[in-house]
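Q: Next comes the structure file query30.txt, holding compact mmCIF, C-alpha atoms.
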```
# COMPACT_ATOMS: atom_id res chain seq x y z
CA MET W 1 107.03 -48.56 4.24
CA LYS W 2 110.60 -48.55 2.93
CA LEU W 3 112.92 -50.93 4.77
CA ASN W 4 116.56 -50.12 5.38
CA ARG W 5 117.76 -53.58 4.39
CA GLN W 6 121.41 -52.93 5.24
CA SER W 7 120.55 -52.17 8.87
CA PHE W 8 119.20 -55.72 9.16
CA LEU W 9 121.99 -57.46 7.25
CA ASN W 10 125.27 -55.61 7.78
CA HIS W 11 126.05 -57.24 11.13
CA LEU W 12 125.95 -60.75 9.65
CA ASN W 13 129.19 -62.43 8.62
CA ASP W 14 127.80 -65.78 7.51
CA PRO W 15 126.77 -65.63 3.80
CA GLU W 16 124.05 -68.26 4.27
CA GLU W 17 122.52 -66.40 7.20
CA LYS W 18 122.63 -63.14 5.27
CA ALA W 19 120.93 -64.81 2.28
CA LEU W 20 118.24 -66.29 4.53
CA LEU W 21 117.37 -62.95 6.17
CA ALA W 22 117.46 -61.18 2.80
CA LYS W 23 114.89 -63.70 1.58
CA VAL W 24 112.74 -63.10 4.66
CA LEU W 25 112.98 -59.34 4.08
CA ASP W 26 111.61 -59.91 0.58
CA SER W 27 108.63 -61.63 2.21
CA VAL W 28 108.24 -58.79 4.72
CA GLU W 29 108.05 -56.22 1.94
CA ARG W 30 105.38 -58.29 0.19
CA VAL W 31 103.35 -58.56 3.42
CA LEU W 32 103.54 -54.79 3.99
CA LYS W 33 102.58 -54.08 0.40
CA GLN W 34 99.93 -56.74 -0.22
CA HIS W 35 98.56 -57.04 3.36
CA CYS W 36 98.49 -60.84 3.26
CA PRO W 37 100.28 -63.49 5.36
CA ILE W 38 103.42 -65.21 4.04
CA ILE W 39 104.86 -68.41 5.49
CA THR W 40 108.58 -69.20 5.51
CA ASN W 41 109.99 -72.66 4.97
CA PHE W 42 110.99 -74.90 7.89
CA TYR W 43 114.05 -73.82 9.85
CA ASP W 44 115.84 -75.09 12.94
CA PRO W 45 115.67 -73.19 16.25
CA TYR W 46 118.88 -71.23 15.61
CA HIS W 47 117.81 -69.89 12.21
CA THR W 48 114.26 -69.34 13.44
CA GLY W 49 115.75 -67.24 16.22
CA LEU W 50 117.59 -65.11 13.66
CA ILE W 51 114.35 -64.55 11.76
CA ILE W 52 112.38 -63.64 14.88
CA SER W 53 115.09 -61.25 16.12
CA MET W 54 114.79 -59.35 12.84
CA LEU W 55 110.99 -59.38 12.66
CA GLU W 56 110.71 -57.91 16.16
CA ARG W 57 112.40 -54.75 14.88
CA ILE W 58 109.86 -54.12 12.13
CA PRO W 59 106.68 -52.16 13.02
CA ASP W 60 103.18 -53.04 11.77
CA LEU W 61 104.06 -56.74 11.59
CA ASP W 62 103.27 -59.76 13.68
CA PHE W 63 104.54 -63.31 13.44
CA ALA W 64 103.99 -66.81 14.81
CA THR W 65 105.74 -70.15 14.49
CA PHE W 66 104.45 -73.72 14.13
CA GLY W 67 105.94 -77.01 13.01
CA GLY W 68 102.93 -79.32 12.76
CA TYR W 69 102.73 -80.07 16.49
CA ASP W 70 103.38 -78.03 19.63
CA ALA W 71 106.83 -79.38 20.54
CA ALA W 72 108.24 -79.35 17.00
CA GLU W 73 111.88 -78.30 16.69
CA ARG W 74 111.83 -77.27 13.03
CA VAL W 75 109.08 -74.71 12.43
CA ARG W 76 107.65 -72.40 9.80
CA THR W 77 107.29 -68.71 10.62
CA ALA W 78 104.11 -66.93 9.58
CA ILE W 79 104.58 -63.21 8.85
CA PHE W 80 101.39 -61.16 8.75
CA PRO W 81 100.00 -57.63 9.28
CA SER W 82 99.63 -56.76 12.95
CA TYR W 83 95.87 -56.32 12.64
CA LEU W 84 95.40 -60.00 11.77
CA ASP W 85 95.00 -62.66 14.43
CA GLU W 86 97.25 -65.72 14.48
CA SER W 87 94.14 -67.95 14.33
CA GLU W 88 93.50 -66.63 10.80
CA VAL W 89 96.87 -67.89 9.54
CA ASP W 90 97.23 -71.22 7.73
CA PHE W 91 100.75 -72.61 8.14
CA ARG W 92 100.14 -75.00 5.21
CA ILE W 93 101.79 -77.98 6.88
CA SER W 94 100.88 -81.57 6.03
CA LEU W 95 101.64 -84.60 8.21
CA LEU W 96 102.68 -87.78 6.45
CA ALA W 97 103.29 -91.39 7.50
CA VAL W 98 106.02 -93.29 5.64
CA GLU W 99 105.29 -96.95 6.39
CA GLY W 100 106.86 -100.27 5.51
CA ASN W 101 107.98 -103.59 6.98
CA PHE W 102 111.02 -102.57 9.02
CA LYS W 103 110.94 -105.50 11.45
CA LEU W 104 114.08 -107.05 9.97
CA VAL W 105 115.82 -103.86 8.91
CA LYS W 106 117.16 -101.31 11.37
CA VAL W 107 116.68 -97.76 10.09
CA ASN W 108 117.04 -94.37 11.71
CA HIS W 109 116.25 -90.70 11.20
CA ARG W 110 119.15 -90.27 8.78
CA ASP W 111 117.90 -93.11 6.53
CA PHE W 112 114.45 -91.56 6.13
CA LEU W 113 115.77 -88.04 5.65
CA GLY W 114 118.34 -89.26 3.12
CA SER W 115 115.66 -91.01 1.07
CA ILE W 116 113.51 -87.88 1.04
CA LEU W 117 116.34 -85.51 0.13
CA GLY W 118 117.53 -88.03 -2.46
CA LEU W 119 114.38 -87.23 -4.41
CA GLY W 120 115.65 -83.67 -4.89
CA ILE W 121 113.50 -82.12 -2.17
CA LYS W 122 115.18 -79.27 -0.30
CA ARG W 123 115.70 -79.69 3.45
CA GLU W 124 113.79 -76.52 4.29
CA LEU W 125 110.60 -78.02 2.82
CA ILE W 126 110.67 -80.77 5.44
CA GLY W 127 110.07 -80.30 9.15
CA ASP W 128 110.59 -82.81 11.94
CA LEU W 129 110.85 -86.54 11.29
CA ILE W 130 109.61 -88.88 14.01
CA VAL W 131 110.78 -92.49 13.67
CA THR W 132 108.14 -95.08 14.65
CA GLU W 133 107.94 -98.88 14.66
CA GLU W 134 106.11 -98.79 11.32
CA GLY W 135 108.44 -96.27 9.70
CA CYS W 136 108.46 -92.51 10.06
CA GLN W 137 106.10 -89.57 10.41
CA VAL W 138 107.01 -86.37 8.60
CA ALA W 139 105.92 -82.74 8.70
CA ALA W 140 106.17 -81.20 5.23
CA THR W 141 105.04 -78.18 3.26
CA GLU W 142 101.81 -78.82 1.38
CA GLU W 143 103.41 -78.36 -2.04
CA VAL W 144 105.67 -81.44 -1.76
CA VAL W 145 103.02 -83.90 -0.55
CA ALA W 146 101.90 -85.18 -3.96
CA TYR W 147 105.50 -85.56 -5.12
CA LEU W 148 106.47 -87.51 -1.99
CA ARG W 149 103.46 -89.80 -2.24
CA ALA W 150 104.27 -90.58 -5.87
CA ASN W 151 108.05 -90.94 -5.63
CA LEU W 152 109.07 -92.05 -2.15
CA THR W 153 108.78 -95.81 -2.64
CA LYS W 154 111.83 -97.18 -0.80
CA VAL W 155 113.82 -96.47 2.33
CA HIS W 156 116.99 -98.53 2.81
CA LYS W 157 115.71 -101.08 0.24
CA VAL W 158 112.42 -101.48 2.11
CA LYS W 159 109.28 -100.71 0.12
CA VAL W 160 107.21 -97.94 1.69
CA GLU W 161 103.88 -96.25 1.21
CA VAL W 162 103.24 -92.61 2.03
CA ARG W 163 99.88 -91.41 3.32
CA GLU W 164 98.58 -88.26 4.91
CA ILE W 165 97.66 -88.45 8.59
CA THR W 166 95.80 -86.23 11.03
CA PRO W 167 97.40 -84.55 14.07
CA ALA W 168 95.60 -87.10 16.26
CA GLU W 169 97.54 -89.91 14.56
CA LEU W 170 100.90 -88.31 15.24
CA THR W 171 103.21 -90.26 17.54
CA LEU W 172 104.96 -87.60 19.59
CA PRO W 173 108.67 -88.30 20.15
CA ASP W 174 109.99 -89.39 23.52
CA LEU W 175 112.44 -86.70 24.56
CA LYS W 176 115.54 -87.81 26.42
CA VAL W 177 116.02 -85.39 29.28
CA LYS W 178 118.95 -85.04 31.67
CA GLU W 179 118.13 -83.11 34.83
CA ILE W 180 120.95 -81.00 36.24
CA ASN W 181 120.80 -79.71 39.82
CA THR W 182 123.54 -77.17 40.32
CA THR W 183 124.42 -73.72 41.63
CA VAL W 184 125.62 -70.66 39.78
CA ALA W 185 127.10 -67.35 40.88
CA SER W 186 124.40 -65.43 38.99
CA LEU W 187 121.60 -65.93 36.46
CA ARG W 188 123.81 -64.63 33.66
CA LEU W 189 123.57 -66.40 30.33
CA ASP W 190 127.22 -67.49 30.28
CA ALA W 191 127.01 -69.03 33.77
CA ILE W 192 123.83 -71.01 33.14
CA ALA W 193 124.76 -72.04 29.59
CA ALA W 194 128.14 -73.33 30.78
CA ALA W 195 126.43 -75.45 33.44
CA GLY W 196 123.74 -76.70 31.08
CA PHE W 197 125.97 -77.58 28.14
CA GLY W 198 128.79 -78.92 30.31
CA THR W 199 131.59 -76.60 29.28
CA SER W 200 133.63 -73.70 30.64
CA ARG W 201 132.35 -70.13 30.88
CA SER W 202 135.19 -68.88 28.68
CA ARG W 203 134.35 -71.34 25.92
CA ILE W 204 130.60 -70.71 26.10
CA ALA W 205 131.28 -66.96 26.07
CA ARG W 206 133.00 -67.33 22.70
CA GLU W 207 129.97 -69.22 21.37
CA ILE W 208 127.62 -66.52 22.67
CA LEU W 209 129.67 -63.67 21.20
CA SER W 210 129.61 -65.52 17.85
CA GLU W 211 125.78 -65.55 18.07
CA LYS W 212 125.66 -69.35 18.06
CA LEU W 213 123.36 -69.52 21.06
CA SER W 214 119.70 -68.53 21.25
CA ILE W 215 117.36 -67.69 24.13
CA ASN W 216 113.80 -68.78 23.43
CA TRP W 217 114.80 -69.23 19.76
CA GLN W 218 116.15 -65.69 19.49
CA SER W 219 119.85 -65.14 18.85
CA CYS W 220 121.70 -63.45 21.74
CA SER W 221 125.28 -62.16 21.87
CA ASP W 222 125.10 -60.70 25.40
CA VAL W 223 126.99 -62.97 27.82
CA ALA W 224 125.47 -61.06 30.76
CA ALA W 225 121.83 -61.46 29.66
CA GLN W 226 119.70 -62.37 32.68
CA LEU W 227 117.69 -65.60 32.54
CA LYS W 228 114.61 -66.76 34.41
CA ALA W 229 112.68 -69.96 34.97
CA GLY W 230 111.09 -71.20 31.73
CA ASP W 231 113.77 -69.82 29.41
CA ILE W 232 115.10 -72.23 26.81
CA LEU W 233 118.66 -72.08 25.48
CA SER W 234 119.57 -73.69 22.17
CA MET W 235 122.90 -73.99 20.42
CA ARG W 236 123.77 -75.44 17.05
CA GLY W 237 124.96 -79.00 17.40
CA ARG W 238 124.49 -79.04 21.19
CA GLY W 239 120.72 -79.36 21.65
CA ARG W 240 118.57 -77.45 24.15
CA VAL W 241 118.67 -76.56 27.83
CA GLU W 242 115.63 -75.39 29.79
CA VAL W 243 115.87 -73.35 33.00
CA ALA W 244 113.33 -75.51 34.81
CA GLU W 245 113.54 -73.93 38.27
CA VAL W 246 115.32 -71.15 40.14
CA LYS W 247 115.48 -72.22 43.81
CA GLY W 248 117.01 -69.16 45.42
CA ASN W 249 120.25 -68.42 47.27
CA THR W 250 122.29 -71.02 49.10
CA LYS W 251 124.15 -70.34 52.37
CA SER W 252 127.28 -69.57 50.37
CA GLY W 253 125.42 -66.93 48.37
CA ARG W 254 125.18 -68.91 45.12
CA ILE W 255 121.87 -69.53 43.33
CA GLY W 256 120.41 -73.01 43.17
CA ILE W 257 118.89 -73.95 39.81
CA VAL W 258 117.44 -76.98 38.07
CA LEU W 259 118.21 -77.36 34.38
CA LYS W 260 116.78 -79.83 31.89
CA ARG W 261 119.01 -80.75 28.98
CA TYR W 262 117.20 -82.28 26.00
CA LEU W 263 119.48 -84.78 24.30
```
Could you take the file, read its structure, and then write that structure out as structure tokens?
A:
Amino acid sequence: MKLNRQSFLNHLNDPEEKALLAKVLDSVERVLKQHCPIITNFYDPYHTGLIISMLERIPDLDFATFGGYDAAERVRTAIFPSYLDESEVDFRISLLAVEGNFKLVKVNHRDFLGSILGLGIKRELIGDLIVTEEGCQVAATEEVVAYLRANLTKVHKVKVEVREITPAELTLPDLKVKEINTTVASLRLDAIAAAGFGTSRSRIAREILSEKLSINWQSCSDVAAQLKAGDILSMRGRGRVEVAEVKGNTKSGRIGIVLKRYL
């Protein structure tokens, strides 16, 4: 199958986004030719949404995402022939514990990520980082595990050891959630996103038209897109908002909704 690459790339204005999707198209062509799964690197929800939006337009393909645990934000996307089952796909993700004596030293996500990237490892080879009392747990591509274990020896001047862990040993992060009970004129994307992200409809409309907002990790530029309970909105630099409940019409004719904003 010959892909019309320009039809997938011409609408993009951001050079980095265009380069990312061009790279994914290279993988797609290999999958269609060699009939074997290919796994992307780790990407955030916005860029994963761009990838998924493109993959959905290509016949004879299927895809799935995973980041090492079910609620992971940064995930890898598996691209495979449609006749394969997702259960046959290995996402090749390793879970690591970076541990040291941090009782007297206050460190955060940025400290651990900075130490890892300071070794010359690219960000897209690392998934989520979960800070714990003992240090940090990291999702990473399999190919960087040996290098990390051999070379990551200090974080913020604290000596650390790196070991592989099982999914059962993973300490899932505590998500900070703000519940928003409000009403909207309709279930349009711009109305709900404005309420969830705490901004005006005109401002959020500009963000949507610039394709900076995703619905269920898929980029959307339609301000009038209709939402439903369970949909998740994400926007670069602003976090995520879940449409937790649609209550129905109020006496004034507006629609009562419950939103959950993940901070």
Q: Taking (108.0, -92.1, 13.7) in the file's coordinates, which residues come within 10 Å, counting all atoms listed in the file, written as a ChimeraX atom specification?
A: /W:96-99,108-109,112,128-138,170-173
Q: Can you list, as a PyMOL selection string, every protein, DNA or RNA residue that comes within 8 Å of segment 74-84 of chain W when you count all atoms listed in the file, leaving out same-chain residues fewer than 4 positions away?
A: chain W and resi 27-28+31-32+35-45+48+60-68+88-89+91+127-128
Q: Counting only C-alpha atoms, which residue out of W:Glu29, W:Glu17, W:Asp190, W:Asp231 sits closest to Ile51 of chain W?
A: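 Using only C-alpha atoms, Ile51 of chain W sits closest to W:Glu17.
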Q: Show which residues sit within 12 Å of Ser115 of chain W, as a ChimeraX atom specification. Count only C-alpha atoms, and ignore same-chain residues fewer than 6 positions away.
A: /W:98,107-109,121-123,136,148,151-160
Q: For a quick check of your reading of the model, name the residues lying within 6 Å of the coordinate (123.1, -71.8, 38.1), counting only C-alpha atoms, and write them as a list in words.
A: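 Those residues lying close to the given coordinates are Thr182, Thr183, Val184, Ile192, Ile255, Gly256 and Ile257 of chain W.
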Q: Env of Ser7 of chain W: 12 Å cut, atoms = all atoms listed in the file, seq-sep filter 5 positions within chain, self excluded. Answer as a VMD selection string.
A: chain W and resid 12 18 21 to 22 25 54 57 to 58
Q: Quick one: pull the distance between atom CA of Ser53 of chain W and atom CA of Ala225 of chain W, Å, one decimal.
A: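 Separation between atom CA of Ser53 of chain W and atom CA of Ala225 of chain W: 15.1 Å.
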Q: Suppose you want the space between atom CA of Gly253 of chain W and atom CA of Glu179 of chain W; what is it in Å?
A: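 Rounded to one decimal, the two atoms are 22.3 Å apart.
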Q: Box for segment 18-21 of chain W - axis-aligned, 3 Å on each of the six sides, all listed atoms - centre and size in Å to one decimal, as AutoDock Vina command-line options.
A:
```
--center_x 120.0 --center_y -64.6 --center_z 4.2 --size_x 11.3 --size_y 9.3 --size_z 9.9
```
Q: So how far away is atom CA of Val246 of chain W from atom CA of Val258 of chain W, in Å?
A: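 These two atoms are separated by 6.5 Å.
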Q: Fewer than 4 positions away in the same chain doesn't count, so skip those; otherwise give me all residues within 7 Å of segment 203-209 of chain W, counting all atoms listed in the file, as a list in words.
A: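 In the requested format, the answer is Asp190, Ala193, Ala194, Thr199, Leu213, Cys220, Ser221, Asp222 and Val223 of chain W.
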Q: For Asn181 of chain W, which residue out of W:Val243, W:Ala19, W:Ala72, W:Ala140 is the nearest one, using only C-alpha atoms?
A: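 Looking only at the distances to Asn181 of chain W, the closest residue turns out to be W:Val243.
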Q: Excluding Leu187 of chain W and its own-chain neighbours fewer than 4 positions away, which residues fall within 7 Å of it when counting only C-alpha atoms? Please give them as number ranges by chain.
A: W: 191-192, 226-227
Q: Could you pull segment 193-225 of chain W out of the structure just shown and give N, CA and C atoms as a PDB file, in the first residue's frame?
A:
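The result, stored in result.pdb:
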```
ATOM      1  N   ALA W 193     -14.845  22.792  28.030  1.00  0.00           N
ATOM      2  CA  ALA W 193     -13.422  23.039  28.241  1.00  0.00           C
ATOM      3  C   ALA W 193     -13.200  24.347  28.977  1.00  0.00           C
ATOM      4  N   ALA W 194     -13.979  25.373  28.650  1.00  0.00           N
ATOM      5  CA  ALA W 194     -13.851  26.659  29.347  1.00  0.00           C
ATOM      6  C   ALA W 194     -14.153  26.501  30.831  1.00  0.00           C
ATOM      7  N   ALA W 195     -15.204  25.739  31.146  1.00  0.00           N
ATOM      8  CA  ALA W 195     -15.570  25.508  32.543  1.00  0.00           C
ATOM      9  C   ALA W 195     -14.508  24.675  33.256  1.00  0.00           C
ATOM     10  N   GLY W 196     -14.002  23.655  32.577  1.00  0.00           N
ATOM     11  CA  GLY W 196     -13.040  22.760  33.211  1.00  0.00           C
ATOM     12  C   GLY W 196     -11.677  23.385  33.437  1.00  0.00           C
ATOM     13  N   PHE W 197     -11.215  24.170  32.467  1.00  0.00           N
ATOM     14  CA  PHE W 197      -9.889  24.762  32.576  1.00  0.00           C
ATOM     15  C   PHE W 197      -9.922  26.182  33.159  1.00  0.00           C
ATOM     16  N   GLY W 198     -11.115  26.661  33.501  1.00  0.00           N
ATOM     17  CA  GLY W 198     -11.233  27.938  34.178  1.00  0.00           C
ATOM     18  C   GLY W 198     -10.839  29.134  33.332  1.00  0.00           C
ATOM     19  N   THR W 199     -11.354  29.191  32.116  1.00  0.00           N
ATOM     20  CA  THR W 199     -11.039  30.304  31.240  1.00  0.00           C
ATOM     21  C   THR W 199     -12.277  30.667  30.423  1.00  0.00           C
ATOM     22  N   SER W 200     -12.166  31.664  29.567  1.00  0.00           N
ATOM     23  CA  SER W 200     -13.312  32.100  28.781  1.00  0.00           C
ATOM     24  C   SER W 200     -13.493  31.215  27.550  1.00  0.00           C
ATOM     25  N   ARG W 201     -14.718  31.217  27.007  1.00  0.00           N
ATOM     26  CA  ARG W 201     -14.974  30.419  25.807  1.00  0.00           C
ATOM     27  C   ARG W 201     -14.197  30.959  24.612  1.00  0.00           C
ATOM     28  N   SER W 202     -14.028  32.273  24.539  1.00  0.00           N
ATOM     29  CA  SER W 202     -13.290  32.841  23.403  1.00  0.00           C
ATOM     30  C   SER W 202     -11.827  32.427  23.438  1.00  0.00           C
ATOM     31  N   ARG W 203     -11.253  32.428  24.637  1.00  0.00           N
ATOM     32  CA  ARG W 203      -9.839  32.026  24.743  1.00  0.00           C
ATOM     33  C   ARG W 203      -9.677  30.534  24.465  1.00  0.00           C
ATOM     34  N   ILE W 204     -10.561  29.711  25.038  1.00  0.00           N
ATOM     35  CA  ILE W 204     -10.430  28.269  24.817  1.00  0.00           C
ATOM     36  C   ILE W 204     -10.696  27.930  23.361  1.00  0.00           C
ATOM     37  N   ALA W 205     -11.556  28.714  22.690  1.00  0.00           N
ATOM     38  CA  ALA W 205     -11.822  28.471  21.274  1.00  0.00           C
ATOM     39  C   ALA W 205     -10.556  28.651  20.455  1.00  0.00           C
ATOM     40  N   ARG W 206      -9.753  29.650  20.795  1.00  0.00           N
ATOM     41  CA  ARG W 206      -8.489  29.866  20.077  1.00  0.00           C
ATOM     42  C   ARG W 206      -7.553  28.679  20.272  1.00  0.00           C
ATOM     43  N   GLU W 207      -7.528  28.138  21.484  1.00  0.00           N
ATOM     44  CA  GLU W 207      -6.679  26.974  21.770  1.00  0.00           C
ATOM     45  C   GLU W 207      -7.156  25.758  20.964  1.00  0.00           C
ATOM     46  N   ILE W 208      -8.480  25.599  20.895  1.00  0.00           N
ATOM     47  CA  ILE W 208      -9.033  24.453  20.156  1.00  0.00           C
ATOM     48  C   ILE W 208      -8.730  24.580  18.666  1.00  0.00           C
ATOM     49  N   LEU W 209      -8.930  25.756  18.117  1.00  0.00           N
ATOM     50  CA  LEU W 209      -8.681  25.972  16.689  1.00  0.00           C
ATOM     51  C   LEU W 209      -7.207  25.792  16.342  1.00  0.00           C
ATOM     52  N   SER W 210      -6.329  26.007  17.328  1.00  0.00           N
ATOM     53  CA  SER W 210      -4.888  25.796  17.128  1.00  0.00           C
ATOM     54  C   SER W 210      -4.482  24.355  17.371  1.00  0.00           C
ATOM     55  N   GLU W 211      -5.477  23.478  17.602  1.00  0.00           N
ATOM     56  CA  GLU W 211      -5.258  22.042  17.831  1.00  0.00           C
ATOM     57  C   GLU W 211      -4.366  21.778  19.039  1.00  0.00           C
ATOM     58  N   LYS W 212      -4.553  22.575  20.090  1.00  0.00           N
ATOM     59  CA  LYS W 212      -3.791  22.390  21.319  1.00  0.00           C
ATOM     60  C   LYS W 212      -4.561  21.577  22.352  1.00  0.00           C
ATOM     61  N   LEU W 213      -5.779  21.204  22.013  1.00  0.00           N
ATOM     62  CA  LEU W 213      -6.605  20.457  22.951  1.00  0.00           C
ATOM     63  C   LEU W 213      -6.992  19.117  22.334  1.00  0.00           C
ATOM     64  N   SER W 214      -7.010  18.081  23.163  1.00  0.00           N
ATOM     65  CA  SER W 214      -7.337  16.738  22.683  1.00  0.00           C
ATOM     66  C   SER W 214      -8.545  16.186  23.433  1.00  0.00           C
ATOM     67  N   ILE W 215      -9.336  15.373  22.736  1.00  0.00           N
ATOM     68  CA  ILE W 215     -10.430  14.629  23.350  1.00  0.00           C
ATOM     69  C   ILE W 215     -10.037  13.159  23.340  1.00  0.00           C
ATOM     70  N   ASN W 216      -9.952  12.575  24.518  1.00  0.00           N
ATOM     71  CA  ASN W 216      -9.535  11.169  24.635  1.00  0.00           C
ATOM     72  C   ASN W 216      -8.226  10.936  23.888  1.00  0.00           C
ATOM     73  N   TRP W 217      -7.299  11.884  24.048  1.00  0.00           N
ATOM     74  CA  TRP W 217      -5.938  11.835  23.521  1.00  0.00           C
ATOM     75  C   TRP W 217      -5.879  12.043  22.008  1.00  0.00           C
ATOM     76  N   GLN W 218      -6.974  12.443  21.412  1.00  0.00           N
ATOM     77  CA  GLN W 218      -6.984  12.704  19.973  1.00  0.00           C
ATOM     78  C   GLN W 218      -7.216  14.195  19.735  1.00  0.00           C
ATOM     79  N   SER W 219      -6.343  14.798  18.933  1.00  0.00           N
ATOM     80  CA  SER W 219      -6.434  16.220  18.659  1.00  0.00           C
ATOM     81  C   SER W 219      -7.775  16.563  18.021  1.00  0.00           C
ATOM     82  N   CYS W 220      -8.359  17.702  18.451  1.00  0.00           N
ATOM     83  CA  CYS W 220      -9.648  18.131  17.916  1.00  0.00           C
ATOM     84  C   CYS W 220      -9.626  19.641  17.702  1.00  0.00           C
ATOM     85  N   SER W 221     -10.054  20.084  16.536  1.00  0.00           N
ATOM     86  CA  SER W 221     -10.097  21.518  16.233  1.00  0.00           C
ATOM     87  C   SER W 221     -11.527  22.011  16.045  1.00  0.00           C
ATOM     88  N   ASP W 222     -12.506  21.197  16.420  1.00  0.00           N
ATOM     89  CA  ASP W 222     -13.920  21.535  16.251  1.00  0.00           C
ATOM     90  C   ASP W 222     -14.474  22.053  17.574  1.00  0.00           C
ATOM     91  N   VAL W 223     -14.698  23.354  17.680  1.00  0.00           N
ATOM     92  CA  VAL W 223     -15.179  23.933  18.938  1.00  0.00           C
ATOM     93  C   VAL W 223     -16.573  23.422  19.297  1.00  0.00           C
ATOM     94  N   ALA W 224     -17.331  22.954  18.302  1.00  0.00           N
ATOM     95  CA  ALA W 224     -18.702  22.503  18.535  1.00  0.00           C
ATOM     96  C   ALA W 224     -18.808  20.994  18.741  1.00  0.00           C
ATOM     97  N   ALA W 225     -17.676  20.293  18.828  1.00  0.00           N
ATOM     98  CA  ALA W 225     -17.711  18.845  19.043  1.00  0.00           C
ATOM     99  C   ALA W 225     -18.514  18.528  20.302  1.00  0.00           C
TER     100      ALA W 225
END
```
